[in-house]
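What's in data_26.pdb: PDB, C-alpha atoms
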```
ATOM      1  CA  MET V  18      45.144 -29.162 -80.030  1.00  0.00           C
ATOM      2  CA  ASP V  19      43.095 -28.384 -76.932  1.00  0.00           C
ATOM      3  CA  PHE V  20      41.343 -25.655 -78.890  1.00  0.00           C
ATOM      4  CA  LEU V  21      40.117 -28.111 -81.525  1.00  0.00           C
ATOM      5  CA  LYS V  22      38.967 -30.541 -78.841  1.00  0.00           C
ATOM      6  CA  ASP V  23      37.080 -27.764 -77.046  1.00  0.00           C
ATOM      7  CA  LEU V  24      35.559 -26.602 -80.324  1.00  0.00           C
ATOM      8  CA  VAL V  25      34.264 -30.088 -81.141  1.00  0.00           C
ATOM      9  CA  GLN V  26      32.847 -30.481 -77.645  1.00  0.00           C
ATOM     10  CA  PHE V  27      31.110 -27.100 -77.962  1.00  0.00           C
ATOM     11  CA  LEU V  28      29.599 -28.023 -81.328  1.00  0.00           C
ATOM     12  CA  MET V  29      28.316 -31.336 -79.994  1.00  0.00           C
ATOM     13  CA  ALA V  30      26.934 -29.868 -76.760  1.00  0.00           C
ATOM     14  CA  ARG V  31      25.133 -26.991 -78.475  1.00  0.00           C
ATOM     15  CA  LYS V  32      23.997 -29.128 -81.451  1.00  0.00           C
ATOM     16  CA  LYS V  33      25.578 -26.714 -83.927  1.00  0.00           C
ATOM     17  CA  PHE V  34      26.358 -29.330 -86.565  1.00  0.00           C
ATOM     18  CA  TRP V  35      25.874 -26.813 -89.367  1.00  0.00           C
ATOM     19  CA  LEU V  36      29.085 -25.044 -88.277  1.00  0.00           C
ATOM     20  CA  ILE V  37      31.278 -28.089 -88.970  1.00  0.00           C
ATOM     21  CA  PRO V  38      31.607 -27.486 -92.757  1.00  0.00           C
ATOM     22  CA  MET V  39      32.487 -23.821 -92.174  1.00  0.00           C
ATOM     23  CA  VAL V  40      35.165 -24.709 -89.633  1.00  0.00           C
ATOM     24  CA  PHE V  41      36.580 -27.353 -91.991  1.00  0.00           C
ATOM     25  CA  ILE V  42      36.797 -24.891 -94.890  1.00  0.00           C
ATOM     26  CA  LEU V  43      38.475 -22.262 -92.702  1.00  0.00           C
ATOM     27  CA  LEU V  44      41.039 -24.826 -91.545  1.00  0.00           C
ATOM     28  CA  LEU V  45      41.651 -25.875 -95.152  1.00  0.00           C
ATOM     29  CA  PHE V  46      42.267 -22.270 -96.214  1.00  0.00           C
ATOM     30  CA  GLY V  47      44.590 -21.788 -93.255  1.00  0.00           C
ATOM     31  CA  VAL V  48      46.642 -24.818 -94.240  1.00  0.00           C
ATOM     32  CA  LEU V  49      46.821 -23.595 -97.847  1.00  0.00           C
ATOM     33  CA  ILE V  50      48.061 -20.192 -96.710  1.00  0.00           C
ATOM     34  CA  VAL V  51      50.729 -21.707 -94.464  1.00  0.00           C
ATOM     35  CA  ILE V  52      51.915 -24.138 -97.134  1.00  0.00           C
ATOM     36  CA  GLY V  53      51.745 -21.594 -99.936  1.00  0.00           C
ATOM     37  CA  GLY V  54      53.600 -18.921 -98.030  1.00  0.00           C
ATOM     38  CA  GLY V  55      57.119 -20.102 -98.531  1.00  0.00           C
ATOM     39  CA  SER V  56      57.464 -23.436-100.205  1.00  0.00           C
ATOM     40  CA  SER V  57      58.123 -24.892-103.615  1.00  0.00           C
ATOM     41  CA  ILE V  58      54.455 -25.904-103.818  1.00  0.00           C
ATOM     42  CA  ALA V  59      53.342 -22.243-103.916  1.00  0.00           C
ATOM     43  CA  PRO V  60      53.177 -21.888-107.744  1.00  0.00           C
ATOM     44  CA  PHE V  61      50.874 -24.880-107.951  1.00  0.00           C
ATOM     45  CA  ILE V  62      48.567 -23.536-105.221  1.00  0.00           C
ATOM     46  CA  TYR V  63      48.320 -20.135-106.897  1.00  0.00           C
ATOM     47  CA  THR V  64      47.046 -21.750-110.096  1.00  0.00           C
ATOM     48  CA  LEU V  65      44.018 -23.042-108.156  1.00  0.00           C
ATOM     49  CA  PHE V  66      42.825 -19.492-107.578  1.00  0.00           C
TER      50      PHE V  66
END
```
Represent the structure of the file as structure tokens.
Amino acid sequence: MDFLKDLVQFLMARKKFWLIPMVFILLLFGVLIVIGGGSSIAPFIYTLF
């Protein structure tokens, strides 16, 4: 979790607010990949794409 805290501090210090949506979407895709990898929810996730 230190990485996320450091990332937020970097974005605020450098005023790179336009990167926040990109980081959020990448995290969302990462969570979908982890969940869809080996669970019973996988068939439902695959229908989204």
Spatial neighbours of V:Ile37, 12 Å, only C-alpha atoms, chain gap at least 2 places, as a ChimeraX atom specification: /V:21,24-29,32-35,39-44
Atom pair atom CA of V:Gly53 + atom CA of V:Pro38, distance 22.2 Å
Computed gap from atom CA of V:Val48 to atom CA of V:Asp23 is 19.9 Å
To one decimal in Å, tell me the separation between atom CA of V:Leu36 and atom CA of V:Asp19. 18.3 Å
